[in-house]
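A.B. asks: Starting off with a structure, shown below.
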2 protein chains.
Amino acid sequence: MATKCFNCPLQRSDVFIDLTKDEMRFMQNFKVGELEVDAGTTLLMEGSNSPQLYTALRGMGLRYKTLENGNRQVTNFVFPGDFIGLQAGIMGEMQHSVEASSSMTLCVFDRSELWSFFRNSPERAFDLTWMAAAEEHFLGEALASVGQRTAFEAIAWALCKIMLRGQGLGLAKDRVMPMPFRQQDLADALGLSLVHTNKTLSKLRNRQLANWGDDMLIVNDLGALADAAGMTLEPPMKRPIM
Amino acid sequence: MATKCFNCPLQRSDVFIDLTKDEMRFMQNFKVGELEVDAGTTLLMEGSNSPQLYTALRGMGLRYKTLENGNRQVTNFVFPGDFIGLQAGIMGEMQHSVEASSSMTLCVFDRSELWSFFRNSPERAFDLTWMAAAEEHFLGEALASVGQRTAFEAIAWALCKIMLRGQGLGLAKDRVMPMPFRQQDLADALGLSLVHTNKTLSKLRNRQLANWGDDMLIVNDLGALADAAGMTLEPPMKRPIM
DNA sequence: CGGTCGATTGACACCTTTCAATACGGGTGG
DNA sequence: CCACCCGTATTGAAAGGTGTCAATCGACCG
């Protein structure tokens, strides 16, 4: 039985902007169902023209591109509240693939209705643009990390970002949060080799900055980790949710 | 004397979607003036909350972020038709700086009017989202280049991208186009050192793939350059213009 | 004509990749 | 119940791409 929007568990998290009653009704109308997938499932393929859009409700995943030479670039990690398929909705087709890293629950929307956002709900249309701009912002930061940071700093940066998102969503209990990704995923996100990623992770572990293993990430001192990354900790902005 | 929108020189280029008469009127109303700047001028600063938005009419520039350690990451090059300030308009403040690399002419809009796009012109609001999604797409590609390509491939990729944009805009006459950037700019865009960038550029020159010097970029065989980059040449999508 | 900025080049250090091998846990079939 | 296999994590050694340091050069400019 699909969750009703006015009962959306994500709305309880305070990182999301509360929907008005009108918006809630509008979204409920837009929602066509719910999807449960196993870990490893590909949700959207690069180049696909999916008729469906999703909002992640539970679980985690990855966005990635595959290059001509077969290399893979992970462009972002997917967390609850993330909107999936915006590019397909706006530009016609996905520019990257999306895959589930853990089992996931997703809210399913009908892409053909996307236009009605712009016609009938300027606020929701604005939120859509906000999300695209936020993703642009994140990719800019990721680019700066991959381009300008050392492997050690980059990995610290990534783990810090992930922990911050987990905390905002209430996924992190007592400095520990689930992290169902593989080391290869992180390596592909930062443009590093698997071997070097592994060795750098153990260096972070030795220095007691971060401990990732058994699908769990433990960070005792987020400030120290941020220092190691050469970044400044900023409270995440409140964001809209679809 | 400011250019009138219905006389916009960019509309003559066929990479841009034609504006309808209504949209043209709407934009003309939104436009508050024209700005002429010298090379080296900073148009927007990271963190700033500028009351003005721009569309580049002539000239080129760069978008970049500055890291805590002082390193600079160039996130994109600015060409005519690019919209500048969208992030400030949507998210409240700029997440990157924008600087002119050559002298530039810019169309100036009033940021406070941005909301009227969503309220009064769903089509224009959609185009705004389209642009944000396109920038997201580009940053994903750039991330993949920096992360997964060798220095040689990455530079070939970047020069190829630049040449393609120049051709689309009619800036490239007979395989030659103006390129007012410094080698340091390209190095900062690709996460490479200046020295290595310089040596790689001369390698491209020796192999007759690309010749960049004296603010001019010459590419005789774009296909060969794309091959060297390990990328597939795709005709650029038609895009909206603000 | 000295001074600055960008481009160029050589030598050397080192961070990161690649290659290879081992270990460990979970699933599967005999 | 136990071999066997597969995916993932881990570790060591060696090769190599890229960064850093330093010096030179040409063009432009006050």
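The chains in the structure tokens are called A, B, ... from first to last as shown; in each chain the residues are counted from 1, and the ligands are counted from 1 in the order shown.
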For DT17 in chain C, find every residue with an atom within 9 Å (counting only C-alpha atoms (C1' of nucleotides)), except residues of its own chain fewer than 4 positions away, and show them as a list in words.

C.D. replies: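 The residues that qualify are Leu192, Ser193, Val195 and His196 of chain A; DA15, DG16 and DG17 of chain D.
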
A.B. asks: Store the residues of this selection in a file with C-alpha atoms (C1' of nucleotides), as an mmCIF file, in the first residue's frame.

C.D. replies:
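The result, written out as part20.cif:
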```cif
data_model
loop_
_atom_site.group_PDB
_atom_site.id
_atom_site.type_symbol
_atom_site.label_atom_id
_atom_site.label_comp_id
_atom_site.auth_asym_id
_atom_site.auth_seq_id
_atom_site.Cartn_x
_atom_site.Cartn_y
_atom_site.Cartn_z
ATOM 1 C CA LEU A 192 41.104 7.148 -7.992
ATOM 2 C CA SER A 193 42.189 3.561 -8.409
ATOM 3 C CA VAL A 195 43.940 0.036 -4.652
ATOM 4 C CA HIS A 196 44.865 3.561 -3.737
ATOM 5 C "C1'" DA D 15 56.292 1.403 -13.179
ATOM 6 C "C1'" DG D 16 54.842 5.727 -14.708
ATOM 7 C "C1'" DG D 17 52.170 9.820 -15.145
#
```

A.B. asks: Could I get the residues of chain B with an atom no further than 7 Å from an atom of chain A, each paired with its nearest atom pair and that distance in Å to one decimal, using only C-alpha atoms, sorted by chain and residue number, as a Markdown table?

C.D. replies:
```
| residue | atom | partner | partner_atom | distance |
| --- | --- | --- | --- | --- |
| B:Glu68 | CA | A:Met231 | CA | 6.3 |
| B:Asn69 | CA | A:Gly230 | CA | 6.9 |
| B:Asn71 | CA | A:Gln148 | CA | 6.6 |
| B:Gln73 | CA | A:Ala144 | CA | 5.3 |
| B:Thr75 | CA | A:Gly140 | CA | 6.3 |
| B:Gln87 | CA | A:Ala133 | CA | 6.0 |
| B:Ile90 | CA | A:Trp130 | CA | 5.9 |
| B:Met91 | CA | A:Trp130 | CA | 6.5 |
| B:Gln95 | CA | A:His137 | CA | 6.5 |
| B:Phe118 | CA | A:Pro122 | CA | 5.0 |
| B:Arg119 | CA | A:Pro122 | CA | 5.7 |
| B:Pro122 | CA | A:Phe118 | CA | 5.0 |
| B:Phe126 | CA | A:Phe118 | CA | 6.7 |
| B:Thr129 | CA | A:Thr129 | CA | 4.9 |
| B:Trp130 | CA | A:Ile90 | CA | 5.9 |
| B:Ala132 | CA | A:Ala132 | CA | 5.6 |
| B:Ala133 | CA | A:Ala132 | CA | 5.7 |
| B:Glu135 | CA | A:Glu136 | CA | 6.6 |
| B:Glu136 | CA | A:Glu136 | CA | 4.7 |
| B:His137 | CA | A:Gln95 | CA | 6.5 |
| B:Leu139 | CA | A:Leu139 | CA | 6.1 |
| B:Gly140 | CA | A:Thr75 | CA | 6.4 |
| B:Leu143 | CA | A:Leu143 | CA | 5.3 |
| B:Ala144 | CA | A:Gln73 | CA | 5.3 |
| B:Val146 | CA | A:Gly147 | CA | 6.4 |
| B:Gly147 | CA | A:Gly191 | CA | 4.0 |
| B:Gln148 | CA | A:Gly191 | CA | 5.7 |
| B:Leu190 | CA | A:Gly147 | CA | 6.4 |
| B:Gly191 | CA | A:Gly147 | CA | 3.9 |
| B:Gly230 | CA | A:Glu68 | CA | 6.4 |
| B:Met231 | CA | A:Glu68 | CA | 6.2 |
```

A.B. asks: Taking only C-alpha atoms (C1' of nucleotides) into account and nothing else, which residues of chain D lie no more than 10 Å away from chain B? Please answer as a PyMOL selection string.

C.D. replies: chain D and resi 17-20

A.B. asks: Using only C-alpha atoms (C1' of nucleotides), what does the table of chain C residues within 12 Å of chain A look like, with each row giving the shortest atom pair and its distance in Å to one decimal, sorted by chain and ascending number, as a Markdown table?

C.D. replies:
```
| residue | atom | partner | partner_atom | distance |
| --- | --- | --- | --- | --- |
| C:DC15 | C1' | A:Thr150 | CA | 8.6 |
| C:DT16 | C1' | A:His196 | CA | 7.0 |
| C:DT17 | C1' | A:Ser193 | CA | 6.7 |
| C:DT18 | C1' | A:Ser193 | CA | 9.2 |
| C:DC19 | C1' | A:Val195 | CA | 11.1 |
| C:DG25 | C1' | A:Asp214 | CA | 11.2 |
```

A.B. asks: Based on DSSP run over this structure's backbone, return all residues of range 101-236 of chain B in helix (DSSP H, G or I), as a ChimeraX atom specification.

C.D. replies: /B:111-120,122-148,151-168,183-190,194-206,222-229

A.B. asks: Would you save the residues from that selection as an mmCIF file, in the first residue's frame, using C-alpha atoms?

C.D. replies:
```cif
data_model
loop_
_atom_site.group_PDB
_atom_site.id
_atom_site.type_symbol
_atom_site.label_atom_id
_atom_site.label_comp_id
_atom_site.auth_asym_id
_atom_site.auth_seq_id
_atom_site.Cartn_x
_atom_site.Cartn_y
_atom_site.Cartn_z
ATOM 1 C CA ARG B 111 17.032 39.541 -10.398
ATOM 2 C CA SER B 112 13.986 40.569 -8.398
ATOM 3 C CA GLU B 113 11.917 39.979 -11.505
ATOM 4 C CA LEU B 114 12.972 36.359 -11.753
ATOM 5 C CA TRP B 115 9.902 35.210 -9.927
ATOM 6 C CA SER B 116 7.714 36.651 -12.624
ATOM 7 C CA PHE B 117 9.131 34.002 -14.942
ATOM 8 C CA PHE B 118 7.507 31.337 -12.876
ATOM 9 C CA ARG B 119 4.321 33.279 -12.281
ATOM 10 C CA ASN B 120 3.797 34.730 -15.741
ATOM 11 C CA PRO B 122 5.769 28.919 -17.753
ATOM 12 C CA GLU B 123 7.690 28.523 -20.991
ATOM 13 C CA ARG B 124 10.454 30.818 -19.830
ATOM 14 C CA ALA B 125 10.506 29.121 -16.434
ATOM 15 C CA PHE B 126 10.903 25.801 -18.178
ATOM 16 C CA ASP B 127 13.771 27.194 -20.212
ATOM 17 C CA LEU B 128 15.432 28.337 -17.023
ATOM 18 C CA THR B 129 15.210 24.834 -15.637
ATOM 19 C CA TRP B 130 16.470 23.511 -18.927
ATOM 20 C CA MET B 131 19.555 25.670 -18.617
ATOM 21 C CA ALA B 132 20.226 24.516 -15.092
ATOM 22 C CA ALA B 133 19.871 20.904 -16.199
ATOM 23 C CA ALA B 134 22.193 21.523 -19.146
ATOM 24 C CA GLU B 135 24.835 22.990 -16.867
ATOM 25 C CA GLU B 136 24.427 19.986 -14.598
ATOM 26 C CA HIS B 137 24.954 17.767 -17.621
ATOM 27 C CA PHE B 138 28.087 19.597 -18.626
ATOM 28 C CA LEU B 139 29.556 19.469 -15.139
ATOM 29 C CA GLY B 140 28.951 15.743 -15.087
ATOM 30 C CA GLU B 141 30.933 15.390 -18.282
ATOM 31 C CA ALA B 142 33.692 17.602 -16.974
ATOM 32 C CA LEU B 143 33.852 15.562 -13.796
ATOM 33 C CA ALA B 144 34.166 12.414 -15.849
ATOM 34 C CA SER B 145 36.945 13.968 -17.896
ATOM 35 C CA VAL B 146 38.936 15.141 -14.915
ATOM 36 C CA GLY B 147 38.359 11.907 -13.074
ATOM 37 C CA GLN B 148 38.761 9.320 -15.787
ATOM 38 C CA ALA B 151 45.981 14.631 -19.113
ATOM 39 C CA PHE B 152 46.387 14.177 -22.855
ATOM 40 C CA GLU B 153 42.821 12.998 -23.336
ATOM 41 C CA ALA B 154 41.391 15.606 -21.004
ATOM 42 C CA ILE B 155 43.025 18.486 -22.832
ATOM 43 C CA ALA B 156 41.936 17.085 -26.180
ATOM 44 C CA TRP B 157 38.419 16.797 -24.778
ATOM 45 C CA ALA B 158 38.393 20.365 -23.539
ATOM 46 C CA LEU B 159 39.716 21.845 -26.779
ATOM 47 C CA CYS B 160 37.213 19.786 -28.714
ATOM 48 C CA LYS B 161 34.346 21.031 -26.573
ATOM 49 C CA ILE B 162 35.498 24.599 -26.964
ATOM 50 C CA MET B 163 35.835 24.307 -30.711
ATOM 51 C CA LEU B 164 32.374 22.791 -30.961
ATOM 52 C CA ARG B 165 30.870 25.662 -29.034
ATOM 53 C CA GLY B 166 32.751 28.164 -31.111
ATOM 54 C CA GLN B 167 31.534 26.578 -34.311
ATOM 55 C CA GLY B 168 27.949 26.545 -33.131
ATOM 56 C CA GLN B 183 47.095 28.029 -20.153
ATOM 57 C CA GLN B 184 46.634 28.375 -16.414
ATOM 58 C CA ASP B 185 42.871 28.599 -16.948
ATOM 59 C CA LEU B 186 42.791 25.325 -18.813
ATOM 60 C CA ALA B 187 45.072 23.745 -16.216
ATOM 61 C CA ASP B 188 42.729 24.865 -13.434
ATOM 62 C CA ALA B 189 39.754 23.529 -15.366
ATOM 63 C CA LEU B 190 41.256 20.072 -15.705
ATOM 64 C CA LEU B 194 50.497 24.569 -15.568
ATOM 65 C CA VAL B 195 53.744 22.922 -16.576
ATOM 66 C CA HIS B 196 52.172 19.650 -17.517
ATOM 67 C CA THR B 197 49.388 21.417 -19.375
ATOM 68 C CA ASN B 198 51.958 23.310 -21.378
ATOM 69 C CA LYS B 199 53.867 20.180 -22.276
ATOM 70 C CA THR B 200 50.714 18.326 -23.206
ATOM 71 C CA LEU B 201 49.587 21.201 -25.412
ATOM 72 C CA SER B 202 52.837 21.053 -27.305
ATOM 73 C CA LYS B 203 52.363 17.333 -27.734
ATOM 74 C CA LEU B 204 48.951 18.003 -29.292
ATOM 75 C CA ARG B 205 50.616 20.578 -31.494
ATOM 76 C CA ASN B 206 53.320 18.169 -32.615
ATOM 77 C CA LEU B 222 37.982 17.754 -35.228
ATOM 78 C CA GLY B 223 37.284 14.072 -35.627
ATOM 79 C CA ALA B 224 40.916 13.188 -34.987
ATOM 80 C CA LEU B 225 40.947 15.416 -31.926
ATOM 81 C CA ALA B 226 37.827 13.757 -30.603
ATOM 82 C CA ASP B 227 39.433 10.377 -31.172
ATOM 83 C CA ALA B 228 42.461 11.441 -29.170
ATOM 84 C CA ALA B 229 40.081 12.496 -26.410
#
```

A.B. asks: What is the distance, in Å and to one decimal place, between CA of Ala2 in chain A and CA of Val98 in chain A?

C.D. replies: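 Between CA of Ala2 in chain A and CA of Val98 in chain A the gap works out to 22.2 Å.
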
A.B. asks: Could you list, as a PyMOL selection string, every residue within 9 Å of range 2-4 of chain D, counting only C-alpha atoms (C1' of nucleotides) and ignoring same-chain residues fewer than 3 positions away?

C.D. replies: chain C and resi 28-30

A.B. asks: What is the CA of Leu171 in chain A-CA of Gly85 in chain A distance in Å, reported with one decimal?

C.D. replies: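 Here the two named atoms are 23.7 Å from each other.
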